[in-house]
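So this one's model-v4.txt, compact mmCIF, C-alpha atoms and all ligand atoms:
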# COMPACT_ATOMS: atom_id res chain seq x y z
CA MET A 7 132.85 172.53 40.06
CA HIS A 8 133.42 170.10 42.85
CA ASP A 9 136.55 169.95 44.91
CA GLN A 10 137.77 166.40 44.23
CA ARG A 11 139.53 166.23 47.56
CA LEU A 12 136.22 166.69 49.35
CA CYS A 13 134.03 164.90 46.82
CA PRO A 14 135.06 161.37 46.02
CA PRO A 15 133.64 160.71 42.52
CA GLU A 16 131.14 158.19 43.75
CA ILE A 17 130.02 156.56 46.93
CA ALA A 18 128.50 153.30 45.84
CA LYS A 19 125.86 152.89 48.51
CA VAL A 20 123.64 155.48 50.08
CA LEU A 21 124.92 155.92 53.60
CA THR A 22 122.61 156.05 56.59
CA ASP A 23 122.48 158.67 59.34
CA GLU A 24 124.39 156.25 61.57
CA ASP A 25 127.12 155.80 58.92
CA TRP A 26 127.63 159.56 58.62
CA MET A 27 127.59 160.00 62.39
CA ARG A 28 130.29 157.33 62.71
CA TYR A 29 132.32 159.32 60.21
CA ALA A 30 131.74 162.54 62.23
CA MET A 31 132.99 160.68 65.31
CA GLN A 32 136.20 159.85 63.42
CA LEU A 33 136.62 163.57 62.69
CA ALA A 34 136.04 164.30 66.39
CA ARG A 35 138.94 161.97 67.15
CA ARG A 36 141.18 164.28 65.11
CA ALA A 37 140.23 167.12 67.48
CA GLU A 38 140.92 164.91 70.48
CA GLN A 39 144.37 163.97 69.18
CA ALA A 40 145.15 167.69 69.03
CA GLY A 41 143.96 168.25 72.61
CA GLU A 42 140.72 169.93 71.52
CA VAL A 43 137.24 169.04 72.76
CA PRO A 44 136.23 166.13 70.49
CA VAL A 45 133.44 167.36 68.25
CA GLY A 46 133.28 166.45 64.57
CA ALA A 47 130.98 167.58 61.76
CA VAL A 48 130.37 166.55 58.17
CA LEU A 49 128.17 168.29 55.63
CA VAL A 50 126.58 166.10 52.99
CA LYS A 51 124.75 166.81 49.74
CA ASP A 52 123.48 164.06 47.44
CA ASN A 53 125.43 161.46 49.40
CA ARG A 54 128.68 163.39 48.95
CA ILE A 55 130.87 165.19 51.45
CA ILE A 56 131.01 168.90 50.68
CA GLY A 57 132.52 170.04 53.98
CA GLN A 58 133.93 168.59 57.14
CA GLY A 59 135.70 169.69 60.26
CA TRP A 60 136.54 169.28 63.90
CA ASN A 61 137.11 171.67 66.76
CA LEU A 62 140.17 173.84 66.24
CA SER A 63 139.48 176.71 68.64
CA ILE A 64 142.59 176.25 70.79
CA ALA A 65 145.04 175.67 67.92
CA ARG A 66 143.65 178.53 65.83
CA HIS A 67 143.14 180.92 68.77
CA ASP A 68 139.65 181.30 67.37
CA PRO A 69 136.49 180.98 69.46
CA SER A 70 134.48 180.52 66.25
CA ALA A 71 136.52 177.52 65.03
CA HIS A 72 133.88 174.95 65.96
CA ALA A 73 133.54 171.77 63.90
CA GLU A 74 130.29 172.95 62.30
CA MET A 75 131.83 176.29 61.26
CA GLN A 76 134.76 174.49 59.58
CA ALA A 77 132.34 172.31 57.60
CA ILE A 78 130.18 175.28 56.57
CA ARG A 79 133.21 177.36 55.52
CA GLN A 80 134.49 174.55 53.30
CA ALA A 81 131.15 173.90 51.65
CA GLY A 82 130.46 177.40 50.27
CA PRO A 83 133.42 177.39 47.83
CA VAL A 84 132.66 173.76 46.86
CA LEU A 85 129.06 174.64 45.92
CA GLN A 86 130.04 178.12 44.72
CA ASN A 87 127.13 179.43 46.75
CA TYR A 88 126.78 181.10 50.13
CA ARG A 89 123.52 179.19 50.57
CA LEU A 90 123.98 175.53 51.26
CA LEU A 91 120.64 174.31 49.97
CA ASP A 92 119.50 170.68 50.31
CA CYS A 93 122.41 169.77 52.56
CA THR A 94 122.48 167.76 55.79
CA LEU A 95 124.90 168.52 58.60
CA TYR A 96 125.92 165.65 60.86
CA VAL A 97 127.59 166.67 64.11
CA THR A 98 128.48 164.66 67.18
CA LEU A 99 127.23 167.29 69.67
CA GLU A 100 124.15 169.52 69.59
CA PRO A 101 125.26 172.85 68.08
CA CYS A 102 125.76 175.97 70.22
CA PRO A 103 123.92 179.28 69.55
CA MET A 104 126.71 180.55 67.24
CA CYS A 105 126.67 177.45 65.05
CA ALA A 106 122.87 177.24 65.13
CA GLY A 107 122.78 180.81 63.79
CA ALA A 108 125.21 179.89 61.01
CA LEU A 109 123.06 176.86 60.12
CA VAL A 110 120.02 179.12 59.71
CA HIS A 111 121.97 181.67 57.63
CA SER A 112 123.32 178.95 55.37
CA ARG A 113 119.83 177.50 54.74
CA ILE A 114 120.96 173.98 55.47
CA LYS A 115 117.96 171.70 55.15
CA ARG A 116 118.56 169.12 57.82
CA LEU A 117 120.56 168.78 61.03
CA VAL A 118 121.43 165.43 62.58
CA TYR A 119 123.22 165.45 65.91
CA GLY A 120 124.45 162.87 68.39
CA ALA A 121 124.81 163.93 72.02
CA THR A 122 122.57 166.59 73.58
CA ASP A 123 124.30 169.63 75.08
CA PHE A 124 122.22 170.33 78.17
CA LYS A 125 124.37 173.35 79.06
CA ALA A 126 124.50 175.30 75.82
CA GLY A 127 122.58 173.41 73.14
CA ALA A 128 120.69 175.63 70.72
CA CYS A 129 118.87 173.00 68.69
CA GLY A 130 116.18 171.80 71.06
CA SER A 131 117.57 171.57 74.58
CA VAL A 132 118.43 174.99 76.10
CA PHE A 133 117.34 176.98 73.03
CA ASP A 134 115.80 176.00 69.72
CA LEU A 135 117.18 178.53 67.26
CA VAL A 136 117.12 176.19 64.26
CA ARG A 137 113.33 175.83 64.50
CA HIS A 138 112.51 179.30 65.77
CA PRO A 139 109.26 180.44 64.10
CA GLN A 140 110.41 184.08 63.92
CA LEU A 141 113.53 183.29 61.91
CA ASN A 142 113.18 183.04 58.14
CA HIS A 143 114.45 179.47 57.86
CA GLN A 144 113.82 176.37 59.93
CA LEU A 145 115.76 173.12 59.78
CA GLU A 146 114.53 169.57 60.07
CA VAL A 147 116.20 168.12 63.15
CA THR A 148 117.01 164.53 64.01
CA ALA A 149 118.50 164.33 67.49
CA GLY A 150 120.17 161.48 69.31
CA VAL A 151 121.79 159.48 66.47
CA LEU A 152 124.48 157.33 68.18
CA ALA A 153 123.83 159.60 71.18
CA SER A 154 125.47 157.47 73.85
CA ALA A 155 128.61 156.80 71.76
CA CYS A 156 128.96 160.52 71.01
CA ALA A 157 128.36 161.45 74.66
CA SER A 158 130.95 158.87 75.83
CA GLN A 159 133.51 160.27 73.41
CA LEU A 160 133.10 163.66 75.10
CA SER A 161 132.82 162.50 78.70
CA ASP A 162 135.84 160.16 78.33
CA PHE A 163 137.85 163.12 77.05
CA PHE A 164 136.88 165.35 80.00
CA LYS A 165 137.50 162.50 82.47
CA ARG A 166 140.95 161.94 81.03
CA ARG A 167 141.71 165.64 81.05
CA ARG A 168 140.64 165.99 84.70
CA ALA A 169 142.88 163.05 85.64
CA GLU A 170 145.81 164.61 83.78
CA GLN A 171 145.26 167.95 85.53
CA LYS A 172 145.07 166.19 88.89
CA ALA A 173 148.29 164.29 88.20
CA GLN A 174 150.02 167.49 87.18
CA LYS A 175 148.87 169.22 90.39
CA ALA A 176 150.13 166.31 92.48
CA LEU A 177 153.44 166.45 90.68
CA LEU A 178 153.79 170.17 91.36
CA LYS A 179 152.85 169.62 95.03
CA GLY A 180 155.71 167.14 95.36
CA LEU A 181 158.26 169.67 94.10
CA PRO A 182 160.16 171.79 96.65
CA ARG A 183 158.50 175.17 97.09
CA PRO A 184 160.48 178.35 96.46
CA ALA A 185 162.22 179.63 99.63
CA ALA A 186 159.94 182.68 99.86
CA GLU A 187 156.88 180.45 100.47
CA ARG A 188 158.36 178.42 103.32
ZN ZN B 1 129.29 175.86 67.97
For the structure just supplied, provide its representation as C-alpha cells.
Ligand SMILES: [Zn+2]
Amino acid sequence: MHDQRLCPPEIAKVLTDEDWMRYAMQLARRAEQAGEVPVGAVLVKDNRIIGQGWNLSIARHDPSAHAEMQAIRQAGPVLQNYRLLDCTLYVTLEPCPMCAGALVHSRIKRLVYGATDFKAGACGSVFDLVRHPQLNHQLEVTAGVLASACASQLSDFFKRRRAEQKAQKALLKGLPRPAAER
C-alpha cells in the first residue's frame, strides 16, 4: 500500500538525476527557512517519491535528524519493509558516517549526491562506508550532480549566518555595558 501523499499516482516522464537533485535542493530550502543547515534528500523507487526530508536537528533537538534519516524513516512504512531495495537516494550533500551507515543497513541500491563534504563525508571523500568491501552491502555512487549549485546553497547559508552573527555582536558592543564591567 502506497502512501498517496508521498506517491503521486503517476509521474508522466522519467525524471533525470538532475531533476531529482533540483527537487532535493527545494527540500533543502525548507531547512534553510527554518534556520537549519540546508540539506535536502529524496528517496525514489520506480520514479516515485517514497521518502523525503530536510535537516531538522535543531528544531527536533535530535542529532540524528539529518535529511537522509528523515527520508529513510518515511520510506519503510510506505514500502512496508525495513529494507529499501531498488531505491535511489538523492541528497544535496555527501552523507556523514551516521547516514552512510543507515544507507548500508537499508540496502538502498544507489546514492546520488551533490556537494562533497571534505570535512566529514563518508561516501568517498573522508571515508567510503557505502562501498566498504567488509560491509555486507555496497551502494552504487554517483557524486557531483549539480555539485556547484548544491555547494553554493550551503556556503551562501554559512556566509549569511556569519554576517548575522557579526551584526549581532556589533549591536551588543554598541549597548552600554553593565556597571560592574566599567
Ligand atoms: Zn548525516
Within-7 Å residues of ligand ZN 1 (chain B), basis all atoms listed in the file, as a short mmCIF file (atom, residue, chain, number, x, y, z; two decimals) with C-alpha atoms, keeping the file's coordinate frame:
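This went into part.cif:
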data_model
loop_
_atom_site.label_atom_id
_atom_site.label_comp_id
_atom_site.auth_asym_id
_atom_site.auth_seq_id
_atom_site.Cartn_x
_atom_site.Cartn_y
_atom_site.Cartn_z
CA HIS A 72 133.88 174.95 65.96
CA GLU A 74 130.29 172.95 62.30
CA PRO A 101 125.26 172.85 68.08
CA CYS A 102 125.76 175.97 70.22
CA PRO A 103 123.92 179.28 69.55
CA MET A 104 126.71 180.55 67.24
CA CYS A 105 126.67 177.45 65.05
#
Quiz item: For Met27 (chain A), which residue among A:Pro139, A:Gly107, A:Gly180, A:Gly120 is the nearest when counting only C-alpha atoms?
Solution: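 Using only C-alpha atoms, the shortest distance to Met27 (chain A) belongs to A:Gly120.
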Quiz item: Hey, what's within 9 Å of Leu145 (chain A) if we count only C-alpha atoms and toss same-chain stuff fewer than 4 positions away? As a list in words, please?
Solution: Leu109, Val110, Arg113, Ile114, Lys115, Arg116, Leu117, Val136 and Arg137 of chain A
Quiz item: How far is it from CA of Val97 (chain A) to CA of Phe133 (chain A), in Å with one decimal?
Solution: 17.1 Å
Self-check item: Atomic distance CA of Val50 (chain A) - CA of Gln144 (chain A), expressed in Å with one decimal
Solution: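 Separation between CA of Val50 (chain A) and CA of Gln144 (chain A): 17.8 Å.
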Taking only residues of region 91-144 of chain A that have an atom at most 12 Å from an atom of region 80-83 of chain A, what is each one's shortest atom pair and its distance in Å to one decimal, using only C-alpha atoms, in chain and number order, as a Markdown table?
| residue | atom | partner | partner_atom | distance |
| --- | --- | --- | --- | --- |
| A:Leu91 | CA | A:Gly82 | CA | 10.3 |
| A:Cys93 | CA | A:Ala81 | CA | 9.7 |
| A:Thr94 | CA | A:Ala81 | CA | 11.4 |
| A:Leu95 | CA | A:Ala81 | CA | 10.8 |
| A:Ser112 | CA | A:Gly82 | CA | 8.9 |
| A:Arg113 | CA | A:Gly82 | CA | 11.5 |
| A:Ile114 | CA | A:Ala81 | CA | 10.9 |
Quiz item: What is the CA of Asp134 (chain A) to CA of Arg36 (chain A) distance in Å?
Solution: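 The value is 28.3 Å.
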Quiz prompt | Nearest to Glu100 (chain A) by atom-to-atom distance, counting only C-alpha atoms, from A:Gln39, A:Thr22, A:Ser131, A:Asn87 | solution =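 Of A:Gln39, A:Thr22, A:Ser131, A:Asn87, the one nearest Glu100 (chain A) is A:Ser131, counting only C-alpha atoms.
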Quiz item: Which residue gives the smallest distance to Val151 (chain A) among A:Asp23, A:Arg66, A:Gln58, A:Ala126, with all atoms listed in the file counted?
Solution: A:Asp23
Self-check item: Test item: residues at most 8 Å from Leu160 (chain A), only C-alpha atoms, excluding those fewer than 2 positions along its chain, as a PyMOL selection string
Solution: chain A and resi 43-45+156-158+162-164
Only C-alpha atoms, please: the residues just picked out, written as a JSON list (two decimals), keeping the file's coordinate frame.
[["chain", "number", "residue", "atom", "x", "y", "z"],
["A", 43, "VAL", "CA", 137.24, 169.04, 72.76],
["A", 44, "PRO", "CA", 136.23, 166.13, 70.49],
["A", 45, "VAL", "CA", 133.44, 167.36, 68.25],
["A", 156, "CYS", "CA", 128.96, 160.52, 71.01],
["A", 157, "ALA", "CA", 128.36, 161.45, 74.66],
["A", 158, "SER", "CA", 130.95, 158.87, 75.83],
["A", 162, "ASP", "CA", 135.84, 160.16, 78.33],
["A", 163, "PHE", "CA", 137.85, 163.12, 77.05],
["A", 164, "PHE", "CA", 136.88, 165.35, 80.00]]
Quiz item: When distances are computed from all atoms listed in the file, which of A:Asn61, A:Val147, A:Gly41, A:Ala121 shows the smallest separation from Glu170 (chain A)?
Solution: A:Gly41
